[in-house]
>>> print(open('start.cif').read())   # mmCIF, C-alpha atoms
data_protein
loop_
_atom_site.label_atom_id
_atom_site.label_comp_id
_atom_site.auth_asym_id
_atom_site.auth_seq_id
_atom_site.Cartn_x
_atom_site.Cartn_y
_atom_site.Cartn_z
CA MET A 220 -8.86 23.44 -15.07
CA PRO A 221 -6.08 23.60 -12.41
CA LEU A 222 -8.07 21.25 -10.22
CA ASP A 223 -8.44 18.74 -13.06
CA LEU A 224 -4.72 18.92 -13.84
CA ARG A 225 -3.94 18.48 -10.16
CA LYS A 226 -6.06 15.33 -10.05
CA ILE A 227 -4.21 13.94 -13.06
CA ILE A 228 -0.81 14.64 -11.49
CA LEU A 229 -1.93 13.12 -8.19
CA HIS A 230 -2.96 9.91 -9.95
CA VAL A 231 0.33 9.81 -11.88
CA VAL A 232 2.32 10.24 -8.67
CA PHE A 233 0.23 7.52 -7.04
CA PHE A 234 1.06 5.22 -9.96
CA LEU A 235 4.77 5.93 -9.52
CA SER A 236 4.47 5.44 -5.77
CA GLY A 237 3.04 2.00 -6.46
CA ILE A 238 6.31 1.12 -8.17
CA THR A 239 8.53 2.67 -5.49
CA THR A 240 6.59 1.02 -2.66
CA VAL A 241 6.88 -2.57 -3.91
CA LEU A 242 10.28 -2.07 -5.56
CA ILE A 243 11.92 -3.29 -2.38
CA GLY A 244 10.48 -6.78 -2.84
CA GLN A 245 11.52 -7.01 -6.48
CA VAL A 246 15.14 -5.97 -5.90
CA LEU A 247 15.80 -8.12 -2.81
CA PRO A 248 17.45 -10.92 -4.85
CA ILE A 249 19.65 -8.33 -6.59
CA LEU A 250 20.65 -6.71 -3.30
CA ALA A 251 21.26 -10.09 -1.68
CA ARG A 252 23.72 -10.99 -4.45
CA ARG A 253 25.35 -7.55 -4.49
CA TYR A 254 26.05 -7.50 -0.76
CA SER A 255 26.10 -11.30 -0.08
CA LEU A 256 23.20 -11.16 2.39
CA GLY A 257 21.13 -13.85 4.11
CA ASP A 258 17.36 -13.70 4.67
CA LEU A 259 17.66 -11.96 8.05
CA GLU A 260 20.10 -9.37 6.70
CA VAL A 261 17.92 -8.81 3.65
CA SER A 262 14.94 -8.22 5.93
CA PHE A 263 16.72 -5.14 7.36
CA PHE A 264 15.75 -3.25 4.21
CA PHE A 265 12.09 -3.48 5.25
CA PRO A 266 12.45 -1.78 8.66
CA ALA A 267 14.61 0.88 7.00
CA GLN A 268 11.94 1.73 4.45
CA PHE A 269 9.03 1.44 6.85
CA ALA A 270 10.77 3.45 9.60
CA GLY A 271 11.08 6.21 7.04
CA SER A 272 7.46 5.70 6.08
CA LEU A 273 6.45 6.10 9.72
CA VAL A 274 8.31 9.42 9.90
CA GLY A 275 6.63 10.50 6.67
CA THR A 276 3.22 9.63 8.05
CA PHE A 277 3.83 11.79 11.14
CA LEU A 278 4.86 14.64 8.86
CA THR A 279 1.70 14.17 6.82
CA SER A 280 -0.32 14.85 9.96
CA TYR A 281 1.53 18.16 10.34
CA PHE A 282 0.57 19.19 6.80
CA GLY A 283 -2.97 17.90 7.27
CA ARG A 284 -3.60 20.14 10.26
CA ARG A 285 -2.64 23.05 8.01
CA ASN A 286 -4.84 21.85 5.16
CA ASN A 287 -1.76 21.48 2.94
CA PHE A 288 -1.73 17.88 1.77
CA LEU A 289 -0.52 19.13 -1.61
CA ALA A 290 2.77 20.31 -0.08
CA ALA A 291 3.19 16.90 1.57
CA THR A 292 2.74 15.26 -1.83
CA LEU A 293 5.29 17.57 -3.46
CA ILE A 294 7.96 16.98 -0.79
CA GLY A 295 7.23 13.24 -0.72
CA SER A 296 7.71 12.96 -4.48
CA LEU A 297 11.10 14.68 -4.27
CA LEU A 298 12.20 12.44 -1.40
CA MET A 299 11.22 9.29 -3.32
CA ALA A 300 13.35 10.53 -6.22
CA VAL A 301 16.33 11.12 -3.92
CA GLY A 302 15.88 7.69 -2.35
CA MET A 303 15.85 6.06 -5.78
CA ALA A 304 19.14 7.77 -6.68
CA MET A 305 20.81 6.65 -3.43
CA MET A 306 20.07 2.98 -4.22
CA ASN A 307 22.64 3.07 -7.02
CA PHE A 308 25.60 3.41 -4.64
CA ASP A 309 27.78 0.36 -4.00
CA SER A 310 27.82 1.17 -0.28
CA PHE A 311 25.39 -0.99 1.70
CA ALA A 312 24.90 1.84 4.24
CA VAL A 313 24.02 4.39 1.55
CA CYS A 314 21.66 1.95 -0.16
CA LEU A 315 19.96 1.22 3.17
CA ALA A 316 19.64 4.97 3.80
CA GLY A 317 18.14 5.30 0.32
CA PHE A 318 15.31 2.97 1.31
CA THR A 319 14.75 5.07 4.43
CA VAL A 320 14.52 8.28 2.40
CA ASN A 321 12.23 6.54 -0.08
CA GLY A 322 10.10 5.43 2.87
CA ILE A 323 9.76 9.00 4.14
CA GLY A 324 8.56 10.00 0.68
CA ILE A 325 6.07 7.14 0.59
CA GLY A 326 4.83 7.98 4.10
CA LEU A 327 4.21 11.57 3.02
CA THR A 328 2.73 10.83 -0.38
CA LEU A 329 0.35 7.90 0.06
CA PRO A 330 -1.75 9.26 2.97
CA ALA A 331 -1.68 12.81 1.57
CA ILE A 332 -2.96 11.81 -1.87
CA ASN A 333 -5.58 9.50 -0.34
CA MET A 334 -6.85 12.38 1.78
CA LEU A 335 -6.78 14.87 -1.12
CA ILE A 336 -8.81 12.58 -3.37
CA LEU A 337 -11.17 11.71 -0.51
CA GLU A 338 -11.85 15.38 0.23
CA MET A 339 -12.35 16.14 -3.47
CA ASN A 340 -14.93 13.33 -3.74
CA LEU A 341 -16.84 13.24 -0.45
CA GLY A 342 -20.00 12.03 -2.19
CA ARG A 343 -18.32 9.04 -3.84
CA ALA A 344 -15.46 8.19 -1.51
CA GLY A 345 -15.37 4.44 -2.12
CA SER A 346 -15.38 4.74 -5.90
CA ALA A 347 -12.81 7.57 -5.99
CA LEU A 348 -10.42 5.75 -3.68
CA SER A 349 -10.80 2.55 -5.69
CA VAL A 350 -9.81 4.38 -8.88
CA LEU A 351 -6.87 6.02 -7.10
CA ASN A 352 -5.65 2.76 -5.63
CA PHE A 353 -6.17 1.13 -9.04
CA CYS A 354 -3.36 3.43 -10.20
CA TRP A 355 -1.18 2.29 -7.29
CA GLY A 356 -1.90 -1.32 -8.14
CA PHE A 357 -1.05 -0.79 -11.80
CA GLY A 358 2.29 0.63 -10.70
CA ALA A 359 2.82 -2.46 -8.57
CA ILE A 360 2.05 -4.66 -11.59
CA VAL A 361 4.64 -3.07 -13.84
CA CYS A 362 7.30 -3.00 -11.11
CA LYS A 363 8.57 -6.57 -11.60
CA PRO A 364 8.84 -6.48 -15.42
CA PHE A 365 10.22 -2.93 -15.09
CA VAL A 366 13.05 -4.19 -12.86
CA ASP A 367 13.62 -7.19 -15.14
CA ALA A 368 13.84 -4.96 -18.22
CA PHE A 369 16.21 -2.31 -16.87
CA GLY A 370 18.11 -4.09 -14.09
CA THR A 371 20.75 -6.82 -14.15
CA GLN A 372 21.60 -9.79 -11.93
CA ASP A 373 23.59 -7.64 -9.51
CA SER A 374 22.69 -4.06 -10.42
CA LEU A 375 19.56 -1.93 -10.49
CA GLY A 376 20.78 -0.34 -13.71
CA LEU A 377 18.45 2.33 -15.11
CA THR A 378 15.53 1.24 -12.92
CA THR A 379 15.93 3.87 -10.21
CA TRP A 380 16.79 6.74 -12.55
CA LEU A 381 13.74 6.09 -14.73
CA LEU A 382 11.64 6.48 -11.59
CA ALA A 383 13.45 9.49 -10.17
CA VAL A 384 13.12 11.71 -13.24
CA PRO A 385 9.27 11.64 -13.57
CA LEU A 386 8.91 12.06 -9.80
CA VAL A 387 10.98 15.26 -9.97
CA ALA A 388 8.97 16.42 -12.99
CA ALA A 389 5.69 15.83 -11.13
CA SER A 390 7.04 17.80 -8.18
CA VAL A 391 7.87 20.75 -10.43
CA VAL A 392 4.32 20.75 -11.83
CA LEU A 393 2.87 20.61 -8.31
CA ILE A 394 4.97 23.63 -7.31
CA PHE A 395 3.28 25.73 -10.00
CA LEU A 396 -0.14 24.35 -9.09
CA GLY A 397 0.46 25.01 -5.40
CA ARG A 398 -0.32 28.70 -5.72
CA SER A 399 -3.99 27.81 -6.24
CA GLN A 400 -4.06 25.43 -3.33
CA GLN A 401 -7.32 26.54 -1.68
CA GLU A 402 -9.55 23.87 -3.15
CA LYS A 403 -12.84 22.20 -2.51
CA ASN A 404 -11.46 20.38 0.49
CA ASN A 405 -11.92 23.65 2.36
CA ASP A 406 -15.61 22.74 2.48
CA ALA A 407 -14.66 21.08 5.77
CA PRO A 408 -12.63 23.87 7.44
CA ASP A 409 -10.03 23.21 10.12
CA ASP A 410 -11.98 25.24 12.69
CA ALA A 411 -15.15 23.17 12.20
CA PRO A 412 -16.40 21.81 15.54
CA ASP A 413 -15.01 18.37 16.28
CA LEU A 414 -18.22 16.64 17.36
CA THR A 415 -16.85 13.09 17.14
CA PRO A 416 -14.01 12.17 19.53
CA ILE A 417 -12.63 9.65 17.06
CA TRP A 418 -9.65 8.22 18.93
CA THR A 419 -11.49 7.82 22.21
CA THR A 420 -13.80 5.24 20.64
CA PRO A 421 -12.93 1.51 20.49
CA LEU A 422 -14.43 1.33 16.98
CA ALA A 423 -11.80 3.70 15.57
CA TRP A 424 -8.96 1.62 17.00
CA MET A 425 -10.51 -1.58 15.70
CA ILE A 426 -10.58 -0.07 12.19
CA ALA A 427 -6.97 1.05 12.68
CA LEU A 428 -5.99 -2.43 13.89
CA PHE A 429 -7.65 -3.87 10.81
CA ASN A 430 -5.50 -1.53 8.73
CA LEU A 431 -2.36 -2.58 10.61
CA ILE A 432 -2.86 -6.26 9.89
CA HIS A 433 -4.07 -5.85 6.31
CA VAL A 434 -1.30 -3.47 5.21
CA GLY A 435 1.10 -5.87 6.89
CA PHE A 436 -0.33 -8.67 4.76
CA GLU A 437 -0.05 -6.68 1.52
CA SER A 438 3.51 -5.63 2.34
CA GLY A 439 4.51 -9.16 3.24
CA MET A 440 3.17 -10.49 -0.04
CA GLY A 441 4.69 -7.72 -2.12
CA GLY A 442 7.99 -7.90 -0.27
CA TRP A 443 8.64 -11.64 -0.12
CA LEU A 444 6.71 -13.27 -2.97
CA THR A 445 9.51 -12.82 -5.51
CA THR A 446 12.07 -14.34 -3.15
CA TYR A 447 9.63 -17.10 -2.17
CA THR A 448 9.13 -17.97 -5.83
CA GLU A 449 12.87 -18.66 -6.17
CA ARG A 450 12.58 -21.26 -3.38
CA VAL A 451 9.75 -23.18 -5.08
CA GLY A 452 10.56 -25.69 -7.80
CA GLY A 453 9.07 -26.13 -11.24
CA PRO A 454 8.70 -23.87 -14.28
CA PRO A 455 6.39 -20.83 -14.30
CA ILE A 456 3.27 -20.56 -16.45
CA ALA A 457 5.44 -18.71 -18.98
CA SER A 458 8.98 -17.39 -18.84
CA TRP A 459 7.84 -13.78 -18.34
CA ILE A 460 4.82 -14.48 -16.12
CA SER A 461 5.85 -14.62 -12.46
CA PRO A 462 3.62 -15.20 -9.43
CA THR A 463 4.42 -11.63 -8.36
CA LEU A 464 3.23 -10.26 -11.69
CA LEU A 465 0.04 -12.32 -11.44
CA TYR A 466 -0.55 -11.25 -7.84
CA PHE A 467 -0.48 -7.57 -8.74
CA THR A 468 -2.31 -8.11 -12.03
CA PHE A 469 -5.28 -9.69 -10.28
CA PHE A 470 -4.91 -7.07 -7.54
CA VAL A 471 -5.60 -4.39 -10.14
CA LEU A 472 -8.30 -6.42 -11.89
CA GLY A 473 -10.04 -6.80 -8.55
CA ARG A 474 -9.97 -3.03 -8.05
CA GLY A 475 -11.67 -2.61 -11.41
CA PHE A 476 -14.22 -5.36 -10.74
CA ALA A 477 -15.08 -4.23 -7.20
CA PRO A 478 -17.66 -1.59 -8.26
CA VAL A 479 -19.65 -4.36 -9.94
CA LEU A 480 -19.62 -6.45 -6.77
CA PHE A 481 -20.67 -3.44 -4.69
CA ARG A 482 -23.95 -3.45 -6.60
CA PHE A 483 -24.82 -6.75 -4.92
CA PHE A 484 -22.96 -6.64 -1.58
CA ASN A 485 -22.64 -3.99 1.11
CA GLU A 486 -19.32 -2.90 2.58
CA SER A 487 -19.21 -5.47 5.37
CA LYS A 488 -20.02 -8.40 3.08
CA MET A 489 -17.49 -7.20 0.51
CA LEU A 490 -14.74 -7.13 3.12
CA MET A 491 -15.60 -10.62 4.33
CA LEU A 492 -15.81 -11.92 0.74
CA GLY A 493 -12.37 -10.51 0.01
CA LEU A 494 -10.86 -12.02 3.14
CA VAL A 495 -12.27 -15.48 2.41
CA ILE A 496 -10.84 -15.32 -1.12
CA VAL A 497 -7.45 -14.27 0.28
CA LEU A 498 -7.57 -17.16 2.77
CA VAL A 499 -8.08 -19.65 -0.07
CA GLY A 500 -5.22 -18.09 -2.02
CA MET A 501 -2.85 -18.26 0.95
CA ILE A 502 -3.63 -21.92 1.57
CA VAL A 503 -2.76 -22.67 -2.06
CA ILE A 504 0.43 -20.58 -1.85
CA LEU A 505 1.73 -22.31 1.26
CA ALA A 506 0.94 -25.78 -0.09
CA ALA A 507 2.20 -25.08 -3.62
CA PRO A 508 4.59 -27.81 -4.86
CA SER A 509 5.50 -25.81 -7.98
CA VAL A 510 5.68 -22.29 -9.33
CA PHE A 511 2.63 -23.06 -11.48
CA THR A 512 0.48 -23.79 -8.40
CA LEU A 513 2.05 -20.83 -6.60
CA SER A 514 0.95 -18.63 -9.50
CA LEU A 515 -2.64 -19.77 -9.09
CA GLY A 516 -2.61 -19.05 -5.36
CA ALA A 517 -1.00 -15.65 -5.89
CA SER A 518 -3.68 -14.73 -8.45
CA VAL A 519 -6.49 -15.66 -6.06
CA ALA A 520 -4.89 -13.80 -3.13
CA GLY A 521 -4.27 -10.71 -5.26
CA PHE A 522 -7.87 -10.57 -6.41
CA GLY A 523 -9.26 -11.02 -2.91
CA THR A 524 -7.15 -8.34 -1.25
CA SER A 525 -7.70 -5.73 -3.98
CA TRP A 526 -10.67 -3.81 -2.56
CA ILE A 527 -9.99 -4.29 1.16
CA PHE A 528 -7.74 -1.27 1.82
CA PRO A 529 -9.83 1.43 0.07
CA THR A 530 -13.03 0.02 1.55
CA ASN A 531 -11.60 0.14 5.06
CA VAL A 532 -10.36 3.74 4.60
CA ALA A 533 -13.76 4.76 3.22
CA ARG A 534 -15.40 3.04 6.20
CA PHE A 535 -13.31 5.17 8.54
CA SER A 536 -14.20 8.43 6.77
CA GLN A 537 -17.90 7.66 6.45
CA THR A 538 -18.17 6.44 10.03
CA PHE A 539 -16.67 9.56 11.59
CA GLY A 540 -17.54 12.26 9.04
CA PRO A 541 -15.72 14.49 6.53
CA THR A 542 -13.36 16.07 9.09
CA ALA A 543 -12.00 12.60 9.89
CA THR A 544 -9.53 13.04 7.04
CA ARG A 545 -7.66 15.61 9.14
CA ARG A 546 -7.43 13.20 12.07
CA ALA A 547 -6.55 10.00 10.27
CA MET A 548 -2.86 9.87 11.23
CA PRO A 549 -3.21 6.88 13.63
CA LEU A 550 -4.94 4.93 10.86
CA PHE A 551 -1.97 5.28 8.53
CA ILE A 552 0.62 4.91 11.28
CA MET A 553 -0.90 1.57 12.21
CA GLY A 554 -0.64 0.50 8.57
CA THR A 555 3.03 1.47 8.46
CA LEU A 556 3.75 -0.41 11.69
CA GLY A 557 1.99 -3.46 10.29
CA ALA A 558 4.04 -3.33 7.10
CA ALA A 559 7.32 -3.06 9.00
CA SER A 560 6.55 -5.78 11.53
CA SER A 561 5.15 -8.40 9.15
CA THR A 562 7.93 -8.11 6.56
CA TRP A 563 10.61 -8.30 9.26
CA LEU A 564 8.89 -11.17 11.07
CA ILE A 565 8.76 -13.25 7.88
CA GLY A 566 12.51 -12.84 7.41
CA PHE A 567 13.19 -13.53 11.10
CA ILE A 568 11.19 -16.78 11.16
CA SER A 569 12.72 -17.84 7.84
CA ASP A 570 16.23 -17.28 9.18
CA ARG A 571 15.55 -19.15 12.43
CA THR A 572 13.81 -22.12 10.81
CA GLY A 573 15.79 -22.23 7.57
CA SER A 574 12.51 -22.18 5.64
CA LEU A 575 10.88 -19.18 4.00
CA ASN A 576 7.71 -21.26 3.76
CA SER A 577 7.53 -21.17 7.57
CA GLY A 578 7.93 -17.41 7.54
CA MET A 579 5.10 -17.02 5.05
CA TYR A 580 2.70 -18.55 7.59
CA VAL A 581 2.72 -15.08 9.17
CA LEU A 582 0.48 -14.04 6.28
CA LEU A 583 -1.94 -16.92 6.80
CA ILE A 584 -2.28 -16.02 10.47
CA SER A 585 -2.83 -12.39 9.47
CA VAL A 586 -5.78 -13.33 7.28
CA GLY A 587 -7.31 -15.34 10.11
CA LEU A 588 -7.03 -12.36 12.46
CA LEU A 589 -8.59 -10.08 9.84
CA ILE A 590 -11.58 -12.37 9.49
CA LEU A 591 -12.13 -12.28 13.26
CA LEU A 592 -11.81 -8.49 13.28
CA GLN A 593 -14.24 -8.14 10.41
CA ILE A 594 -16.80 -10.25 12.24
CA TYR A 595 -16.52 -7.80 15.15
CA LEU A 596 -16.59 -4.68 12.96
CA GLY A 597 -19.44 -6.03 10.87
CA THR A 598 -21.63 -6.27 13.95
CA HIS A 599 -20.55 -2.99 15.58
CA SER A 600 -19.72 -0.42 12.87
CA GLY A 601 -23.36 0.13 11.97
CA SER A 602 -24.36 1.16 15.46
CA GLY A 603 -22.82 4.62 15.50
CA SER A 604 -24.00 7.79 13.81
CA GLY A 605 -22.66 8.42 10.37
CA SER A 606 -21.93 4.76 9.79
CA PRO A 607 -21.33 3.73 6.19
CA THR A 608 -24.03 2.24 4.07
CA ALA A 609 -24.03 0.20 0.92
CA THR A 610 -25.21 3.25 -1.01
CA ASN A 611 -22.32 5.40 0.28
CA ILE A 612 -19.66 2.90 -0.69
CA LYS A 613 -20.95 1.85 -4.08
CA ALA A 614 -19.17 3.10 -7.15
#
>>> encode(input="start.cif", output="structure tokens")
Amino acid sequence: MPLDLRKIILHVVFFLSGITTVLIGQVLPILARRYSLGDLEVSFFFPAQFAGSLVGTFLTSYFGRRNNFLAATLIGSLLMAVGMAMMNFDSFAVCLAGFTVNGIGIGLTLPAINMLILEMNLGRAGSALSVLNFCWGFGAIVCKPFVDAFGTQDSLGLTTWLLAVPLVAASVVLIFLGRSQQEKNNDAPDDAPDLTPIWTTPLAWMIALFNLIHVGFESGMGGWLTTYTERVGGPPIASWISPTLLYFTFFVLGRGFAPVLFRFFNESKMLMLGLVIVLVGMIVILAAPSVFTLSLGASVAGFGTSWIFPTNVARFSQTFGPTATRRAMPLFIMGTLGAASSTWLIGFISDRTGSLNSGMYVLLISVGLLILLQIYLGTHSGSGSGSPTATNIKA
């Protein structure tokens, strides 16, 4: 029973972390008006959050070596709550620090929960991670209407407090559950012989590089799509349906539909299929003359990118074995670096060229690089022992 309750809490926290992760993109217009910021100045919020996330990821590795991902989740949840509260201050410096604290919480929570769920479901890693990340995606979906409902033109209003309270409550529950922390993930003990020198192999770094670019793409879309929509003319499909909402809606729908596709395609083909779909969506987004067309492109891109992250993480675990979860820190660090660099680069190019459309080409280039990487990985990842198979990754 405690294990089942822990799983429920972990999925709830992952849902809330979906909101806190993409919140930065939804509140950029509010913060820009509050502090009278340009695109380059607004982009500083991204390095602040992702620098914190990088610190959190390093700390997750510390907890992982001690087989205590649950403690990392607990502390991360509390830090996200503190970061949310700090965003209500009128001081730009305090607000910026709030995003850093929130980032530390995200960096602790996201990898830790991914590893906990992965270790609890070693026989069905792909399916379990898809369900978990479905929760994250659902949080990302509700983020924009959540901000619209409880925020104002120049204030976050109740938005941050309504996130902070359940995060604290989840942390309290995890404290009581922490006493029974020795769970099934001990099936792969810390003193088990490390037969696979993961980070001395080029394949591991290629998978990590794939994660860097793809997380950078997702963060760039989530961070700048709302602002980009304001620069495109024409009415939306409906007053309450934004391209950002559609992007995350189809992101979640794709997560739910992926198990069906896995019945017909193996891991490598699924990744390539997703990347091709994303490429089509990005071309439509960049050429969109109106918000209506932008909405179509965002929907396509959201659907295509939905299963890429969990499939790549599952590929890493299944390629290098169960103990890989304790040595996955570089994988998540690369993702954090990708998120920080892509979101900042979009703002930098936009500021220098005077066109956010130019900055968004960073995302198109990212997709092209991912396709090239996948071609390499698709021809090399099956050559090593323990490589993933279509059966392993199917739901």
>>> residues_around(input="start.cif", residues="Leu247 (chain A)", least_positions_apart="3", cutoff="8 Å", atoms="only C-alpha atoms", output="VMD selection string")
chain A and resid 243 to 244 250 to 251 261 446
>>> resolve_selection(input="start.cif", expression="the PyMOL selection byres ((chain A and resi 501) around 8)", output="short mmCIF file (atom, residue, chain, number, x, y, z; two decimals) with C-alpha atoms, in the frame of the given file")
data_model
loop_
_atom_site.label_atom_id
_atom_site.label_comp_id
_atom_site.auth_asym_id
_atom_site.auth_seq_id
_atom_site.Cartn_x
_atom_site.Cartn_y
_atom_site.Cartn_z
CA VAL A 497 -7.45 -14.27 0.28
CA LEU A 498 -7.57 -17.16 2.77
CA VAL A 499 -8.08 -19.65 -0.07
CA GLY A 500 -5.22 -18.09 -2.02
CA ILE A 502 -3.63 -21.92 1.57
CA VAL A 503 -2.76 -22.67 -2.06
CA ILE A 504 0.43 -20.58 -1.85
CA LEU A 505 1.73 -22.31 1.26
CA GLY A 516 -2.61 -19.05 -5.36
CA ALA A 517 -1.00 -15.65 -5.89
CA ALA A 520 -4.89 -13.80 -3.13
CA LEU A 582 0.48 -14.04 6.28
CA LEU A 583 -1.94 -16.92 6.80
#
>>> closest_atom_pairs(input="start.cif", of="region 553-574 of chain A", to="region 319-336 of chain A", cutoff="12 Å", atoms="all atoms listed in the file", output="tab-separated table")
residue	atom	partner	partner_atom	distance
A:Met553	CA	A:Gly326	CA	11.8
A:Gly554	CA	A:Gly326	CA	10.3
A:Thr555	CA	A:Gly326	CA	8.0
A:Leu556	CA	A:Gly326	CA	11.4
A:Ala558	CA	A:Gly322	CA	11.5
A:Ala559	CA	A:Gly322	CA	10.8
>>> atom_distance(input="start.cif", atom1="CA of Gly493 (chain A)", atom2="CA of Thr524 (chain A)")
5.8 Å
>>> residues_near_point(input="start.cif", point="(11.8, 2.2, -6.1)", cutoff="7 Å", atoms="only C-alpha atoms", output="list in words")
Ile238, Thr239, Thr240, Leu242, Ile243, Met303, Thr379 and Leu382 of chain A
>>> residues_near_point(input="start.cif", point="(10.7, -9.2, -2.8)", cutoff="12 Å", atoms="only C-alpha atoms", output="PyMOL selection string")
chain A and resi 240-251+258+261-262+264-265+359+362-363+366+437-449+462-464+562+565-566
>>> resolve_selection(input="start.cif", expression="the PyMOL selection byres ((chain A and resi 280) around 10)", output="tab-separated table (two decimals) with C-alpha atoms, keeping the file's coordinate frame")
chain	number	residue	atom	x	y	z
A	275	GLY	CA	6.63	10.50	6.67
A	276	THR	CA	3.22	9.63	8.05
A	277	PHE	CA	3.83	11.79	11.14
A	278	LEU	CA	4.86	14.64	8.86
A	279	THR	CA	1.70	14.17	6.82
A	281	TYR	CA	1.53	18.16	10.34
A	282	PHE	CA	0.57	19.19	6.80
A	283	GLY	CA	-2.97	17.90	7.27
A	284	ARG	CA	-3.60	20.14	10.26
A	285	ARG	CA	-2.64	23.05	8.01
A	286	ASN	CA	-4.84	21.85	5.16
A	287	ASN	CA	-1.76	21.48	2.94
A	288	PHE	CA	-1.73	17.88	1.77
A	291	ALA	CA	3.19	16.90	1.57
A	327	LEU	CA	4.21	11.57	3.02
A	330	PRO	CA	-1.75	9.26	2.97
A	331	ALA	CA	-1.68	12.81	1.57
A	544	THR	CA	-9.53	13.04	7.04
A	545	ARG	CA	-7.66	15.61	9.14
A	546	ARG	CA	-7.43	13.20	12.07
A	547	ALA	CA	-6.55	10.00	10.27
A	548	MET	CA	-2.86	9.87	11.23
A	549	PRO	CA	-3.21	6.88	13.63
A	551	PHE	CA	-1.97	5.28	8.53
>>> residues_around(input="start.cif", residues="Leu550 (chain A)", least_positions_apart="4", cutoff="10 Å", atoms="all atoms listed in the file", output="ChimeraX atom specification")
/A:276,330,418,423-431,532,535,546,554-555
>>> residues_around(input="start.cif", residues="Leu381 (chain A)", least_positions_apart="3", cutoff="10 Å", atoms="only C-alpha atoms", output="mmCIF file with C-alpha atoms, in the coordinates of the input")
data_model
loop_
_atom_site.group_PDB
_atom_site.id
_atom_site.type_symbol
_atom_site.label_atom_id
_atom_site.label_comp_id
_atom_site.auth_asym_id
_atom_site.auth_seq_id
_atom_site.Cartn_x
_atom_site.Cartn_y
_atom_site.Cartn_z
ATOM 1 C CA ALA A 300 13.350 10.530 -6.220
ATOM 2 C CA MET A 303 15.850 6.060 -5.780
ATOM 3 C CA ALA A 304 19.140 7.770 -6.680
ATOM 4 C CA PHE A 365 10.220 -2.930 -15.090
ATOM 5 C CA PHE A 369 16.210 -2.310 -16.870
ATOM 6 C CA GLY A 376 20.780 -0.340 -13.710
ATOM 7 C CA LEU A 377 18.450 2.330 -15.110
ATOM 8 C CA THR A 378 15.530 1.240 -12.920
ATOM 9 C CA VAL A 384 13.120 11.710 -13.240
ATOM 10 C CA PRO A 385 9.270 11.640 -13.570
ATOM 11 C CA LEU A 386 8.910 12.060 -9.800
#
>>> residues_around(input="start.cif", residues="Leu259 (chain A)", least_positions_apart="6", cutoff="10 Å", atoms="all atoms listed in the file", output="ChimeraX atom specification")
/A:563-571
>>> write_last_selection(input="start.cif", atoms="C-alpha atoms", output="compact mmCIF listing (two decimals), in the coordinates of the input")
# COMPACT_ATOMS: atom_id res chain seq x y z
CA TRP A 563 10.61 -8.30 9.26
CA LEU A 564 8.89 -11.17 11.07
CA ILE A 565 8.76 -13.25 7.88
CA GLY A 566 12.51 -12.84 7.41
CA PHE A 567 13.19 -13.53 11.10
CA ILE A 568 11.19 -16.78 11.16
CA SER A 569 12.72 -17.84 7.84
CA ASP A 570 16.23 -17.28 9.18
CA ARG A 571 15.55 -19.15 12.43
>>> atom_distance(input="start.cif", atom1="CA of Leu492 (chain A)", atom2="CA of Gly557 (chain A)")
21.9 Å
>>> closest_residue(input="start.cif", among="A:Gly257, A:Ala267, A:Phe357, A:Asn352", to="Val313 (chain A)", atoms="all atoms listed in the file")
A:Ala267
>>> atom_distance(input="start.cif", atom1="CA of Val301 (chain A)", atom2="CA of Val232 (chain A)")
14.8 Å
>>> closest_residue(input="start.cif", among="A:Thr420, A:Ser509, A:Asn485, A:Ser514", to="Arg534 (chain A)", atoms="all atoms listed in the file")
A:Asn485
>>> closest_residue(input="start.cif", among="A:Ser487, A:Ser561, A:Thr512, A:Thr598", to="Gly453 (chain A)", atoms="only C-alpha atoms")
A:Thr512
>>> resolve_selection(input="start.cif", expression="the PyMOL selection byres ((chain A and resi 529) around 8)", output="number ranges by chain")
A: 345, 348-349, 352, 526-528, 530-533
>>> residues_around(input="start.cif", residues="Gly597 (chain A)", least_positions_apart="2", cutoff="9 Å", atoms="only C-alpha atoms", output="list in words")
Glu486, Ser487, Lys488, Met491, Leu592, Gln593, Ile594, Tyr595, His599, Ser600 and Gly601 of chain A
